[in-house]
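A short write-up of the structure that comes next.
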Amino acid sequence: MTLQARIGEVTERIRKRSESGRNQYLERIGKAGAQGPMRAHMSCSNLAHGTAGCGPADKDVLAAEKAPNLAIITAYNDMLSAHQPYERFPEIIRAAARQAGGTAQVAGGVPAMCDGVTQGNEGMELSLFSRDTIAMAAGIGLSHDMYDAALFLGICDKIVPGLLIASLTFGHLPAVFVPAGPMPSGMSNMERSKVRQLYAEGKISRRELLDAEMKSFHAPGTCTFYGTANSNQMLMEIMGLHLPGASFVNPNTPLRDALTRAATARALSITAQGNEYTPVGRVIDERAIVNGVVGLHATGGSTNHTLHLVAIARAAGMRLTWDDFADLSEVVPLLARVYPNGSADVNQFHEAGGMAFLIRQLLDAGLLHEDVATVWGTGLSGYTKTAALDADGNAAWSEGPAKSADEKVLAPTSRPFAMEGGLKLLDGNVGRAVIKVSAVRAEHQVVEAPALIFHSQQELQEAFKAGELERDFVAVVRFQGPRANGMPELHKLTPTLGILQDRGYKVALLTDGRMSGASGKVPAAIHVTPEAADGGPIAKIREGDIIRLDAPRGRLHVIADPREFNARIPVKEDLTANEFGVGRELFRMFRQNAASAEMGAGVL
């Protein structure tokens, strides 16, 4: 179908805005690619060092300098459930590479944080900056220049964006992202959410809460709600960096292993030594970026990607803005209901038709660019296929479903859950912010109430326990931006504010911090920029000011006399307590140099 006009307009706007930077980027990676495999240019001593740890057969292949060699960049650790399955992957990949006539080496490991472990704790203040740390760590692994392509093993929140930024920095190399899949379904996310609220109200014990949490997060694999980790997987597929149908196959299954072997073979076939050279720097262009934003809107994906996609685009020489997100949201319908946007989990999304059905629907509606480069070697129409095992136990692909198996989870474009996307931009005298509306009921999307000021989520929780929040209010939680304390997620506020909303109060959150992909039923204006630590207008709000959050109209205002409000002196906060402990002192440089949320909130 013909491309929808707004999709084309935004794409062209990004292309023109980025022309100079993108051309410089393409020239750089073109020169790097023209040099060919660097092993051929190394001294014998360099090459001997790079092969000394290999077995005899691999060493002979590498010394011959004819077959491609794959870099494995792994984010394995066995504390993080989504990444625990990666323990087995390097050996699977090395064996598959040998069978296909190549070699593979673990080029480096990168850190992998679990935001679920650090939520509400000081370690969360390192979380966002771990993205840029991961990019740098992956860059160190690839800097040995021994490789013809790279396989990236990562799933969760900051890990995939960090790995993608690194891959684009080495944009002359092909890059295939290899997922590990979601854990099987346990206690439903809706049930777990209710248990959390009961605990916040003091109605159940810690032991009962822990039992519920462990029944929900119970096995290796990604958490089953549609947060940043699973939004990452959607993005890697819709942007052409996964194999078709790879995103949501459970770990430690025959199909999962077959897809990993197939990803290895595919990576070997798209190096500069073959006839299908597909450098990642050309896969990720303005069309792929727009496809990613469209996928995010259509699924009600993570708000974190209003930061990450901006940083990813910049790594490839492009400028993506929040206005681009907003304009695309107006024409992209919401097609998925996965918790927190609904009661289903990602396994049910996959069973309903998953990525193949979603991509087919968006393509047929003219909402995606089909004519893109992908690691699969086709345009995006190749991603309307699903994967299964053939008679020999290998991955095989067939055309995906034409109909959703469950329209309560995954809807066609003819009957969407909403006519607009799940993310919106807010603008007003407070600054600019992002809100996830896909999980917020229509009657809660406009809130006008007095401001209550907090400088930490702990302050708000203490006020709740003291019975001080039984009223309508907008919670202003400030000094939570990247320059203040690293922009942590504020998930401890979700049960508390949800309880108050359920009691009939009009409540909302306004913060320069994050809420991420698990942003729920309470309206939350997040990523407010300029942030309070930079003297932004959020630092001028006073207790009792009337704030109006109007998500449908994209407006965010303090209702005050403009002259009086503008003349206010921003409050300041002593942030020294955020500078030490759990490694925060190591990230002082990041806090001091972080870009604004709208510019990606990073240092790269």
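Ligands are numbered from 1 in the order shown, chains are lettered A, B, ... in the order of the structure tokens, and residues start at 1 in each chain.
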- Task: With a distance cut-off of 12 Å and only C-alpha atoms, select the neighbouring residues of Gly227 (chain A), excluding the residue or stretch itself and same-chain residues fewer than 3 positions from it, and output the selection as a ChimeraX atom specification.
- Result: /A:115-116,155-158,182,189,222-224,230-234,296,299-305,338-341,345-346,436,515-520
Given the selection you just returned, output its residues as a file containing C-alpha atoms, formatted as a PDB file, in the first residue's frame.
```pdb
ATOM      1  CA  ASP A 115      16.264  -2.377  36.847  1.00  0.00           C
ATOM      2  CA  GLY A 116      13.894  -4.707  38.673  1.00  0.00           C
ATOM      3  CA  ILE A 155      17.872  -7.854  25.823  1.00  0.00           C
ATOM      4  CA  CYS A 156      17.127  -5.541  28.704  1.00  0.00           C
ATOM      5  CA  ASP A 157      16.532  -1.890  29.302  1.00  0.00           C
ATOM      6  CA  LYS A 158      19.753   0.015  28.627  1.00  0.00           C
ATOM      7  CA  PRO A 182      10.763 -14.134  27.475  1.00  0.00           C
ATOM      8  CA  ASN A 189       0.990  -9.137  35.808  1.00  0.00           C
ATOM      9  CA  THR A 222      12.677 -11.561  29.997  1.00  0.00           C
ATOM     10  CA  CYS A 223       9.960 -10.333  32.371  1.00  0.00           C
ATOM     11  CA  THR A 224       6.659 -10.932  30.635  1.00  0.00           C
ATOM     12  CA  ASN A 230      10.364  -6.321  25.428  1.00  0.00           C
ATOM     13  CA  SER A 231      10.026  -2.964  23.661  1.00  0.00           C
ATOM     14  CA  ASN A 232      13.710  -3.424  22.764  1.00  0.00           C
ATOM     15  CA  GLN A 233      12.937  -6.764  21.162  1.00  0.00           C
ATOM     16  CA  MET A 234      10.057  -5.314  19.161  1.00  0.00           C
ATOM     17  CA  LEU A 296       6.624   1.945  19.613  1.00  0.00           C
ATOM     18  CA  THR A 299       2.342  -1.293  20.738  1.00  0.00           C
ATOM     19  CA  GLY A 300       2.226   1.312  23.521  1.00  0.00           C
ATOM     20  CA  GLY A 301       5.919   0.716  24.131  1.00  0.00           C
ATOM     21  CA  SER A 302       8.381   2.039  26.663  1.00  0.00           C
ATOM     22  CA  THR A 303       8.752   5.763  27.291  1.00  0.00           C
ATOM     23  CA  ASN A 304      12.472   5.110  27.742  1.00  0.00           C
ATOM     24  CA  HIS A 305      12.755   4.997  23.963  1.00  0.00           C
ATOM     25  CA  VAL A 338      -0.065  -6.047  26.738  1.00  0.00           C
ATOM     26  CA  TYR A 339       0.417  -5.263  30.423  1.00  0.00           C
ATOM     27  CA  PRO A 340       0.501  -2.491  31.622  1.00  0.00           C
ATOM     28  CA  ASN A 341      -1.672  -1.518  28.636  1.00  0.00           C
ATOM     29  CA  ASP A 345       1.639 -10.720  28.621  1.00  0.00           C
ATOM     30  CA  VAL A 346       4.196 -10.928  25.809  1.00  0.00           C
ATOM     31  CA  LYS A 436       2.372   7.145  28.093  1.00  0.00           C
ATOM     32  CA  MET A 515       8.867   5.786  34.797  1.00  0.00           C
ATOM     33  CA  SER A 516       9.850   3.549  31.835  1.00  0.00           C
ATOM     34  CA  GLY A 517       7.908   0.889  29.994  1.00  0.00           C
ATOM     35  CA  ALA A 518       5.934  -0.093  33.072  1.00  0.00           C
ATOM     36  CA  SER A 519       4.245   3.318  33.260  1.00  0.00           C
ATOM     37  CA  GLY A 520       0.741   2.414  34.343  1.00  0.00           C
TER      38      GLY A 520
END
```
- Query: Excluding same-chain residues fewer than 4 positions from region 291-293 of chain A, what lies within 7 Å of it counting only C-alpha atoms, as number ranges by chain?
  - Reply: A: 235, 238-239, 287, 297, 325, 368-369
Go ahead and save the picked residues with C-alpha atoms, as a CSV table (one decimal), in the first residue's frame.
```csv
chain,number,residue,atom,x,y,z
A,235,LEU,CA,12.4,-2.5,17.9
A,238,ILE,CA,10.8,-4.0,13.2
A,239,MET,CA,14.1,-2.2,12.5
A,287,ARG,CA,13.4,5.0,7.4
A,297,HIS,CA,3.4,3.9,19.1
A,325,PHE,CA,7.4,11.2,18.0
A,368,LEU,CA,5.9,1.4,7.7
A,369,HIS,CA,8.7,1.8,5.2
```
Quick one: everything within 6 Å of region 471-482 of chain A, counting only C-alpha atoms, minus sequence neighbours fewer than 5 positions away in the same chain. Send it as a PDB file with C-alpha atoms, in the first residue's frame.
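Wrote out_30.pdb, looks like this:
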```pdb
ATOM      1  CA  ALA A 449      -5.134  19.893  40.823  1.00  0.00           C
ATOM      2  CA  PRO A 450      -2.821  21.595  43.336  1.00  0.00           C
ATOM      3  CA  ALA A 451       0.881  20.759  43.308  1.00  0.00           C
ATOM      4  CA  LEU A 452       2.489  18.842  46.157  1.00  0.00           C
ATOM      5  CA  ILE A 453       6.291  19.111  46.029  1.00  0.00           C
ATOM      6  CA  PHE A 454       8.691  16.248  46.706  1.00  0.00           C
ATOM      7  CA  HIS A 455      12.410  15.914  46.058  1.00  0.00           C
ATOM      8  CA  MET A 487      17.418  10.137  36.092  1.00  0.00           C
ATOM      9  CA  TYR A 505      -8.917  11.205  43.876  1.00  0.00           C
ATOM     10  CA  LYS A 506      -7.616  13.048  40.856  1.00  0.00           C
ATOM     11  CA  VAL A 507      -3.882  12.380  40.913  1.00  0.00           C
ATOM     12  CA  ALA A 508      -1.007  12.733  38.467  1.00  0.00           C
ATOM     13  CA  LEU A 509       2.775  12.704  38.489  1.00  0.00           C
ATOM     14  CA  LEU A 510       5.025  15.448  37.142  1.00  0.00           C
ATOM     15  CA  THR A 511       8.747  14.668  37.197  1.00  0.00           C
ATOM     16  CA  ASP A 512      12.073  15.152  35.462  1.00  0.00           C
ATOM     17  CA  GLY A 513      12.775  11.500  36.259  1.00  0.00           C
ATOM     18  CA  GLU A 531      15.251  19.595  34.414  1.00  0.00           C
ATOM     19  CA  ALA A 532      15.211  21.158  37.882  1.00  0.00           C
ATOM     20  CA  ALA A 533      18.980  20.849  38.333  1.00  0.00           C
TER      21      ALA A 533
END
```
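Here the question is which of A:Asn275, A:Thr321, A:Thr264, A:Ser45 gets nearest to Ala97 (chain A) using only C-alpha atoms, and that residue is A:Thr264.
Nearest residue to Met236 (chain A), choosing from A:Pro251, A:Pro279, A:Gly353, A:Pro161 and counting only C-alpha atoms: A:Pro161.
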- Task: From the DSSP assignment of the backbone, select every residue of region 248-454 of chain A that is strand (DSSP E or B), and format the answer as a ChimeraX atom specification.
- Result: /A:334,336,338,344,385-389,395-399,410,418,423-428,431-436,446-454
Dump of N, CA and C atoms for the selected residues, as a short mmCIF file (atom, residue, chain, number, x, y, z; two decimals), in the first residue's frame:
```cif
data_model
loop_
_atom_site.label_atom_id
_atom_site.label_comp_id
_atom_site.auth_asym_id
_atom_site.auth_seq_id
_atom_site.Cartn_x
_atom_site.Cartn_y
_atom_site.Cartn_z
N LEU A 334 -3.14 2.35 18.00
CA LEU A 334 -2.67 1.42 19.03
C LEU A 334 -3.25 0.05 18.74
N ALA A 336 -1.88 -3.07 20.19
CA ALA A 336 -1.54 -4.11 21.17
C ALA A 336 -2.03 -3.73 22.56
N VAL A 338 -0.93 -5.19 25.94
CA VAL A 338 -0.07 -6.05 26.74
C VAL A 338 0.27 -5.28 28.01
N ALA A 344 -2.91 -8.98 29.10
CA ALA A 344 -2.09 -10.01 28.48
C ALA A 344 -0.60 -9.81 28.76
N LYS A 385 6.84 -13.03 8.30
CA LYS A 385 6.96 -14.48 8.41
C LYS A 385 7.17 -14.90 9.86
N THR A 386 6.82 -16.12 10.16
CA THR A 386 7.04 -16.69 11.48
C THR A 386 8.01 -17.86 11.38
N ALA A 387 8.69 -18.14 12.48
CA ALA A 387 9.71 -19.18 12.50
C ALA A 387 9.18 -20.42 13.21
N ALA A 388 9.61 -21.57 12.72
CA ALA A 388 9.28 -22.86 13.35
C ALA A 388 10.41 -23.83 13.02
N LEU A 389 10.38 -25.00 13.63
CA LEU A 389 11.40 -26.02 13.35
C LEU A 389 11.00 -26.86 12.15
N ALA A 395 15.72 -23.92 11.95
CA ALA A 395 14.70 -22.88 11.83
C ALA A 395 14.25 -22.76 10.38
N ALA A 396 12.94 -22.65 10.21
CA ALA A 396 12.36 -22.47 8.87
C ALA A 396 11.25 -21.43 9.00
N TRP A 397 10.98 -20.74 7.89
CA TRP A 397 10.05 -19.62 7.94
C TRP A 397 8.87 -19.84 6.99
N SER A 398 7.71 -19.45 7.43
CA SER A 398 6.51 -19.49 6.59
C SER A 398 5.71 -18.21 6.82
N GLU A 399 4.79 -17.93 5.94
CA GLU A 399 4.03 -16.69 6.03
C GLU A 399 3.24 -16.65 7.32
N LEU A 410 -4.20 -8.33 20.33
CA LEU A 410 -3.56 -7.81 19.13
C LEU A 410 -4.63 -7.56 18.08
N ALA A 418 -7.07 2.18 19.91
CA ALA A 418 -7.15 3.65 19.90
C ALA A 418 -6.66 4.12 18.55
N LEU A 423 2.12 6.88 23.02
CA LEU A 423 2.97 7.91 23.64
C LEU A 423 2.58 9.27 23.10
N LYS A 424 2.67 10.29 23.97
CA LYS A 424 2.37 11.64 23.53
C LYS A 424 3.38 12.62 24.12
N LEU A 425 3.54 13.73 23.43
CA LEU A 425 4.38 14.84 23.88
C LEU A 425 3.51 15.86 24.59
N LEU A 426 3.99 16.37 25.74
CA LEU A 426 3.33 17.45 26.46
C LEU A 426 4.19 18.69 26.40
N ASP A 427 3.56 19.84 26.28
CA ASP A 427 4.30 21.09 26.16
C ASP A 427 3.55 22.18 26.93
N GLY A 428 4.29 23.11 27.51
CA GLY A 428 3.66 24.21 28.24
C GLY A 428 4.68 25.00 29.03
N GLY A 431 7.68 23.26 30.66
CA GLY A 431 8.69 22.70 29.78
C GLY A 431 8.06 21.66 28.88
N ARG A 432 8.84 20.71 28.44
CA ARG A 432 8.36 19.63 27.58
C ARG A 432 8.49 18.31 28.33
N ALA A 433 7.55 17.40 28.08
CA ALA A 433 7.54 16.13 28.79
C ALA A 433 6.92 15.06 27.89
N VAL A 434 7.01 13.83 28.33
CA VAL A 434 6.46 12.68 27.63
C VAL A 434 5.45 12.03 28.55
N ILE A 435 4.38 11.50 27.97
CA ILE A 435 3.41 10.74 28.75
C ILE A 435 3.01 9.49 27.97
N LYS A 436 2.87 8.38 28.69
CA LYS A 436 2.37 7.15 28.09
C LYS A 436 0.88 7.07 28.40
N VAL A 446 -6.96 13.87 31.82
CA VAL A 446 -6.92 15.30 32.12
C VAL A 446 -7.04 15.45 33.63
N VAL A 447 -6.04 16.07 34.23
CA VAL A 447 -6.04 16.31 35.68
C VAL A 447 -5.68 17.77 35.93
N GLU A 448 -6.50 18.44 36.73
CA GLU A 448 -6.19 19.80 37.18
C GLU A 448 -6.30 19.80 38.69
N ALA A 449 -5.17 20.03 39.37
CA ALA A 449 -5.13 19.89 40.82
C ALA A 449 -3.93 20.64 41.39
N PRO A 450 -3.94 20.89 42.71
CA PRO A 450 -2.82 21.60 43.34
C PRO A 450 -1.54 20.75 43.35
N ALA A 451 -0.42 21.43 43.27
CA ALA A 451 0.88 20.76 43.31
C ALA A 451 1.28 20.42 44.75
N LEU A 452 1.80 19.22 44.93
CA LEU A 452 2.49 18.84 46.16
C LEU A 452 3.93 18.55 45.76
N ILE A 453 4.89 19.15 46.44
CA ILE A 453 6.29 19.11 46.03
C ILE A 453 7.06 18.06 46.82
N PHE A 454 7.82 17.25 46.10
CA PHE A 454 8.69 16.25 46.71
C PHE A 454 10.02 16.25 45.96
#
```
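With only C-alpha atoms as the atoms that count, the residue of A:Val195, A:Ile92, A:Leu549, A:Ala311 with the shortest distance to Arg261 (chain A) is A:Ile92.
Here the question is which of A:Ile93, A:Ala135, A:Ala112, A:Ala466 gets nearest to Ile72 (chain A) using only C-alpha atoms, and that residue is A:Ile93.
The shell of residues at most 10 Å from His218 (chain A), with only C-alpha atoms counted and near chain neighbours (fewer than 4 positions) removed, consists of A:Ser81, A:Met183, A:Pro184, A:Ser185, A:Gly186, A:Met187, A:Ala212, A:Glu213, A:Met214, A:Cys223.
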